[in-house]
$ cat run-v2.cif   # mmCIF, C-alpha atoms
data_start
loop_
_atom_site.group_PDB
_atom_site.id
_atom_site.type_symbol
_atom_site.label_atom_id
_atom_site.label_comp_id
_atom_site.auth_asym_id
_atom_site.auth_seq_id
_atom_site.Cartn_x
_atom_site.Cartn_y
_atom_site.Cartn_z
ATOM 1 C CA MET A 1 116.141 109.015 90.013
ATOM 2 C CA ASN A 2 116.832 105.954 92.129
ATOM 3 C CA ALA A 3 120.587 105.568 92.321
ATOM 4 C CA GLN A 4 120.311 103.180 95.258
ATOM 5 C CA THR A 5 118.547 100.468 93.292
ATOM 6 C CA GLY A 6 119.719 101.273 89.788
ATOM 7 C CA ALA A 7 116.075 101.436 88.689
ATOM 8 C CA ILE A 8 115.098 103.073 85.422
ATOM 9 C CA ARG A 9 111.947 105.032 84.645
ATOM 10 C CA HIS A 10 110.011 104.932 81.383
ATOM 11 C CA GLY A 11 108.482 108.027 79.886
ATOM 12 C CA ARG A 12 107.686 109.936 76.713
ATOM 13 C CA LYS A 13 111.324 110.471 75.695
ATOM 14 C CA PHE A 14 112.631 107.096 76.824
ATOM 15 C CA GLU A 15 113.125 105.662 73.325
ATOM 16 C CA GLN A 16 114.642 108.952 72.207
ATOM 17 C CA VAL A 17 117.248 108.620 74.948
ATOM 18 C CA ILE A 18 117.880 104.982 74.003
ATOM 19 C CA ASP A 19 118.438 105.823 70.330
ATOM 20 C CA GLY A 20 120.835 108.648 71.136
ATOM 21 C CA ALA A 21 122.761 106.599 73.680
ATOM 22 C CA ARG A 22 123.132 103.628 71.347
ATOM 23 C CA ALA A 23 124.628 105.837 68.620
ATOM 24 C CA VAL A 24 127.170 107.318 71.037
ATOM 25 C CA PHE A 25 128.104 104.033 72.717
ATOM 26 C CA VAL A 26 128.595 102.255 69.391
ATOM 27 C CA ALA A 27 130.709 105.124 68.042
ATOM 28 C CA ASP A 28 132.766 105.947 71.144
ATOM 29 C CA GLY A 29 132.587 102.903 73.416
ATOM 30 C CA TYR A 30 131.616 103.022 77.072
ATOM 31 C CA ASP A 31 134.637 104.946 78.354
ATOM 32 C CA GLY A 32 134.604 107.430 75.507
ATOM 33 C CA ALA A 33 130.888 108.194 75.740
ATOM 34 C CA SER A 34 130.169 111.203 77.913
ATOM 35 C CA VAL A 35 126.797 111.971 79.426
ATOM 36 C CA ASP A 36 126.909 115.356 77.670
ATOM 37 C CA ALA A 37 127.421 113.674 74.286
ATOM 38 C CA ILE A 38 124.579 111.228 74.946
ATOM 39 C CA ALA A 39 122.236 114.046 75.923
ATOM 40 C CA ARG A 40 123.140 115.964 72.760
ATOM 41 C CA ALA A 41 122.625 112.924 70.537
ATOM 42 C CA ALA A 42 119.277 112.207 72.210
ATOM 43 C CA LYS A 43 118.299 115.880 72.014
ATOM 44 C CA VAL A 44 117.372 116.006 75.688
ATOM 45 C CA SER A 45 118.775 117.779 78.729
ATOM 46 C CA LYS A 46 121.053 115.995 81.186
ATOM 47 C CA ALA A 47 118.296 116.375 83.765
ATOM 48 C CA THR A 48 115.907 114.495 81.479
ATOM 49 C CA LEU A 49 118.522 111.832 80.863
ATOM 50 C CA TYR A 50 119.060 111.298 84.586
ATOM 51 C CA SER A 51 115.317 111.239 85.186
ATOM 52 C CA TYR A 52 115.198 108.001 83.170
ATOM 53 C CA PHE A 53 118.519 106.412 84.117
ATOM 54 C CA PRO A 54 120.401 106.741 87.419
ATOM 55 C CA ASP A 55 123.844 106.587 85.797
ATOM 56 C CA LYS A 56 125.755 105.865 82.607
ATOM 57 C CA ARG A 57 126.363 102.236 83.482
ATOM 58 C CA ARG A 58 122.668 101.489 83.863
ATOM 59 C CA LEU A 59 121.978 103.175 80.536
ATOM 60 C CA PHE A 60 124.745 101.180 78.866
ATOM 61 C CA MET A 61 123.353 97.897 80.186
ATOM 62 C CA GLU A 62 119.925 98.739 78.787
ATOM 63 C CA ILE A 63 121.546 99.316 75.389
ATOM 64 C CA ALA A 64 123.496 96.066 75.742
ATOM 65 C CA LYS A 65 120.326 94.124 76.541
ATOM 66 C CA ARG A 66 118.629 95.469 73.438
ATOM 67 C CA GLU A 67 121.699 94.809 71.301
ATOM 68 C CA CYS A 68 121.725 91.169 72.427
ATOM 69 C CA GLN A 69 118.099 90.853 71.380
ATOM 70 C CA ARG A 70 118.800 92.533 68.043
ATOM 71 C CA GLN A 71 121.693 90.170 67.344
ATOM 72 C CA ALA A 72 119.556 87.154 68.252
ATOM 73 C CA ASP A 73 116.690 88.255 66.005
ATOM 74 C CA ALA A 74 119.091 88.852 63.107
ATOM 75 C CA ALA A 75 120.656 85.419 63.543
ATOM 76 C CA ILE A 76 117.272 83.686 63.651
ATOM 77 C CA ALA A 77 116.189 85.494 60.483
ATOM 78 C CA ARG A 78 119.418 84.650 58.642
ATOM 79 C CA ILE A 79 120.103 81.023 59.600
ATOM 80 C CA ASP A 80 118.367 78.292 57.602
ATOM 81 C CA ILE A 81 117.525 75.715 60.259
ATOM 82 C CA SER A 82 116.580 73.143 57.604
ATOM 83 C CA ARG A 83 120.272 72.620 56.869
ATOM 84 C CA PRO A 84 122.308 69.894 58.650
ATOM 85 C CA PRO A 85 122.926 70.499 62.373
ATOM 86 C CA GLU A 86 126.670 70.967 61.938
ATOM 87 C CA VAL A 87 126.004 73.824 59.495
ATOM 88 C CA VAL A 88 123.324 75.457 61.647
ATOM 89 C CA LEU A 89 125.436 75.202 64.803
ATOM 90 C CA PHE A 90 128.456 76.697 63.031
ATOM 91 C CA GLU A 91 126.406 79.660 61.793
ATOM 92 C CA ALA A 92 124.751 80.208 65.180
ATOM 93 C CA ALA A 93 128.105 80.030 66.963
ATOM 94 C CA SER A 94 129.683 82.463 64.492
ATOM 95 C CA THR A 95 127.100 85.109 65.356
ATOM 96 C CA MET A 96 127.328 84.464 69.087
ATOM 97 C CA VAL A 97 131.126 84.342 69.323
ATOM 98 C CA ARG A 98 131.700 87.424 67.202
ATOM 99 C CA PHE A 99 129.311 89.382 69.385
ATOM 100 C CA PHE A 100 131.022 88.542 72.661
ATOM 101 C CA LEU A 101 134.402 89.178 71.004
ATOM 102 C CA SER A 102 133.272 92.661 69.979
ATOM 103 C CA GLU A 103 134.352 95.647 72.056
ATOM 104 C CA PHE A 104 130.693 96.258 72.864
ATOM 105 C CA GLY A 105 130.317 92.678 74.063
ATOM 106 C CA ARG A 106 133.412 92.893 76.260
ATOM 107 C CA GLN A 107 132.323 96.159 77.851
ATOM 108 C CA SER A 108 128.842 94.761 78.514
ATOM 109 C CA TYR A 109 130.281 91.675 80.193
ATOM 110 C CA ARG A 110 132.737 93.605 82.338
ATOM 111 C CA ILE A 111 130.152 96.120 83.540
ATOM 112 C CA ALA A 112 127.581 93.416 84.321
ATOM 113 C CA VAL A 113 130.133 91.498 86.412
ATOM 114 C CA ALA A 114 131.346 94.655 88.164
ATOM 115 C CA GLU A 115 127.867 95.900 89.037
ATOM 116 C CA ALA A 116 126.112 92.605 89.840
ATOM 117 C CA GLY A 117 127.255 92.715 93.461
ATOM 118 C CA ARG A 118 125.744 96.142 94.127
ATOM 119 C CA PHE A 119 122.812 95.875 91.742
ATOM 120 C CA PRO A 120 121.819 92.207 91.242
ATOM 121 C CA GLU A 121 119.107 93.204 88.784
ATOM 122 C CA ILE A 122 121.806 94.387 86.350
ATOM 123 C CA GLY A 123 123.482 90.985 86.405
ATOM 124 C CA GLU A 124 120.126 89.248 86.099
ATOM 125 C CA ALA A 125 119.096 91.411 83.149
ATOM 126 C CA PHE A 126 122.394 90.831 81.356
ATOM 127 C CA TYR A 127 122.192 87.077 81.903
ATOM 128 C CA ALA A 128 118.572 86.917 80.736
ATOM 129 C CA SER A 129 119.181 88.974 77.599
ATOM 130 C CA GLY A 130 122.510 87.386 76.655
ATOM 131 C CA PRO A 131 123.772 84.006 77.948
ATOM 132 C CA ALA A 132 120.351 82.621 78.920
ATOM 133 C CA MET A 133 118.752 83.679 75.647
ATOM 134 C CA ALA A 134 121.520 82.010 73.621
ATOM 135 C CA ARG A 135 121.325 78.861 75.753
ATOM 136 C CA ASP A 136 117.526 78.657 75.438
ATOM 137 C CA ALA A 137 117.587 79.122 71.649
ATOM 138 C CA ILE A 138 120.246 76.452 71.163
ATOM 139 C CA ALA A 139 118.515 74.068 73.599
ATOM 140 C CA ALA A 140 115.229 74.454 71.698
ATOM 141 C CA TYR A 141 116.999 73.694 68.426
ATOM 142 C CA LEU A 142 118.667 70.627 69.941
ATOM 143 C CA ARG A 143 115.321 69.310 71.200
ATOM 144 C CA ASP A 144 113.796 69.760 67.753
ATOM 145 C CA ARG A 145 116.662 68.080 65.880
ATOM 146 C CA SER A 146 116.861 65.292 68.433
ATOM 147 C CA ALA A 147 113.179 64.565 67.937
ATOM 148 C CA ALA A 148 113.714 64.590 64.164
ATOM 149 C CA GLY A 149 116.495 61.998 64.471
ATOM 150 C CA GLU A 150 119.263 64.315 63.225
ATOM 151 C CA LEU A 151 120.880 64.205 66.676
ATOM 152 C CA ARG A 152 120.986 61.531 69.352
ATOM 153 C CA GLN A 153 118.381 61.589 72.076
ATOM 154 C CA ILE A 154 119.644 64.271 74.472
ATOM 155 C CA ALA A 155 118.401 63.847 78.024
ATOM 156 C CA ASP A 156 119.404 67.357 79.151
ATOM 157 C CA THR A 157 119.338 69.822 76.261
ATOM 158 C CA ASP A 158 119.989 72.801 78.548
ATOM 159 C CA LEU A 159 123.252 71.212 79.679
ATOM 160 C CA ALA A 160 124.149 70.252 76.114
ATOM 161 C CA ALA A 161 123.557 73.845 74.983
ATOM 162 C CA ASP A 162 125.766 75.163 77.799
ATOM 163 C CA GLN A 163 128.468 72.678 76.821
ATOM 164 C CA PHE A 164 128.353 73.822 73.206
ATOM 165 C CA ILE A 165 128.627 77.498 74.165
ATOM 166 C CA ALA A 166 131.567 76.721 76.457
ATOM 167 C CA LEU A 167 133.334 74.857 73.645
ATOM 168 C CA CYS A 168 132.899 77.868 71.367
ATOM 169 C CA LYS A 169 134.676 80.107 73.894
ATOM 170 C CA ALA A 170 137.731 77.855 74.212
ATOM 171 C CA SER A 171 141.002 79.848 74.064
ATOM 172 C CA LEU A 172 139.112 82.987 72.996
ATOM 173 C CA HIS A 173 136.841 84.448 75.637
ATOM 174 C CA ILE A 174 139.126 84.544 78.685
ATOM 175 C CA LYS A 175 142.016 86.015 76.689
ATOM 176 C CA TRP A 176 139.734 88.697 75.272
ATOM 177 C CA ILE A 177 138.089 89.617 78.564
ATOM 178 C CA MET A 178 141.420 89.818 80.384
ATOM 179 C CA GLY A 179 143.011 91.862 77.621
ATOM 180 C CA ILE A 180 145.652 89.202 76.950
ATOM 181 C CA ALA A 181 144.790 89.141 73.249
ATOM 182 C CA PRO A 182 143.888 92.402 71.457
ATOM 183 C CA GLY A 183 141.684 90.521 69.027
ATOM 184 C CA PHE A 184 141.428 87.440 66.841
ATOM 185 C CA ALA A 185 141.549 86.924 63.089
ATOM 186 C CA ASP A 186 138.473 85.458 61.425
ATOM 187 C CA ASP A 187 140.289 82.244 60.558
ATOM 188 C CA GLU A 188 141.271 81.751 64.217
ATOM 189 C CA ILE A 189 137.671 82.294 65.350
ATOM 190 C CA ASP A 190 136.427 79.883 62.688
ATOM 191 C CA ARG A 191 139.029 77.306 63.765
ATOM 192 C CA VAL A 192 137.762 77.352 67.341
ATOM 193 C CA ILE A 193 134.111 77.223 66.298
ATOM 194 C CA ARG A 194 134.747 74.411 63.840
ATOM 195 C CA GLY A 195 136.502 72.443 66.567
ATOM 196 C CA ALA A 196 133.571 73.085 68.914
ATOM 197 C CA VAL A 197 131.057 71.826 66.356
ATOM 198 C CA GLU A 198 133.129 68.729 65.546
ATOM 199 C CA THR A 199 133.536 67.891 69.243
ATOM 200 C CA PHE A 200 129.856 68.463 69.937
ATOM 201 C CA MET A 201 128.718 66.387 66.969
ATOM 202 C CA ALA A 202 131.059 63.556 67.995
ATOM 203 C CA ARG A 203 129.112 63.377 71.257
ATOM 204 C CA TYR A 204 125.578 64.208 70.138
ATOM 205 C CA GLY A 205 125.467 63.553 66.386
ATOM 206 C CA ALA A 206 123.129 60.840 65.174
ATOM 207 C CA ALA A 207 124.780 57.427 65.170
#
$ encode --input "run-v2.cif" --output "structure tokens"
Amino acid sequence: MNAQTGAIRHGRKFEQVIDGARAVFVADGYDGASVDAIARAAKVSKATLYSYFPDKRRLFMEIAKRECQRQADAAIARIDISRPPEVVLFEAASTMVRFFLSEFGRQSYRIAVAEAGRFPEIGEAFYASGPAMARDAIAAYLRDRSAAGELRQIADTDLAADQFIALCKASLHIKWIMGIAPGFADDEIDRVIRGAVETFMARYGAA
């Protein structure tokens, strides 16, 4: 165990621990998930659990990283990118926004921010598996559609992707993270996303 660096160790029962932890975290949330419950679900001892992960937070962030990847893969498989950009962007944003507005998404974000100062690798891993992955996927799509003439020529697709993601968070993300709003109805989420797409297309849509 390396509690000083937050490092994790792989081994024969690593995936077993991951599967058990994911089930408990999804069912009980971060605060409600005890190490004892995770060990029981994974069918390992607490000593084995700690031999792989230095603490519960590091284990949770590993689950969060994998959940981000799972959500991204599901979205890519589901979205028909041959449809018009405004349709594709709306569908992509719906998946992204609903994930970061989930309780799991909020807990992941809060823990990553809280721990990044002590363990920079946790912040880096969260950024790489969440925000950066979403930005890169959207930027790649924008480059492709720009080349196909469905969007204007975009000089900086990374910036454009970041702008789109920021638009999708308008009036939602900060209220959710700070606990100001307990949640949002689907029609409110769709209203914000639709406004983001319309604003983005007004700037980058093909003339």
$ residues_around --input "run-v2.cif" --residues "stretch 145-155 of chain A" --least-positions-apart "4" --cutoff "6 Å" --atoms "all atoms listed in the file" --output "PDB file with C-alpha atoms, in the frame of the given file"
ATOM      1  CA  TYR A 204     125.578  64.208  70.138  1.00  0.00           C
ATOM      2  CA  GLY A 205     125.467  63.553  66.386  1.00  0.00           C
ATOM      3  CA  ALA A 206     123.129  60.840  65.174  1.00  0.00           C
TER       4      ALA A 206
END
$ axis_aligned_box --input "run-v2.cif" --around "stretch 35-41 of chain A" --padding-each-side "5 Å" --output "lines of an AutoDock Vina configuration file"
center_x = 124.8
center_y = 113.6
center_z = 75.0
size_x = 15.2
size_y = 14.7
size_z = 18.9
$ residues_near_point --input "run-v2.cif" --point "(130.0, 89.0, 78.6)" --cutoff "9 Å" --atoms "only C-alpha atoms" --output "ChimeraX atom specification"
/A:100-101,105-113,126-127,130-131,173,177
$ closest_residue --input "run-v2.cif" --among "A:Ile138, A:Ala170, A:Met96, A:Val88" --to "A:Ala74" --atoms "only C-alpha atoms"
A:Met96
$ atom_distance --input "run-v2.cif" --atom1 "atom CA of A:Ala77" --atom2 "atom CA of A:Ser94"
14.4 Å
$ closest_residue --input "run-v2.cif" --among "A:Asp136, A:Glu188, A:Glu121, A:Glu103" --to "A:Gly29" --atoms "all atoms listed in the file"
A:Glu103
$ closest_residue --input "run-v2.cif" --among "A:Glu115, A:Glu86, A:Asp190, A:Glu15" --to "A:Tyr141" --atoms "all atoms listed in the file"
A:Glu86
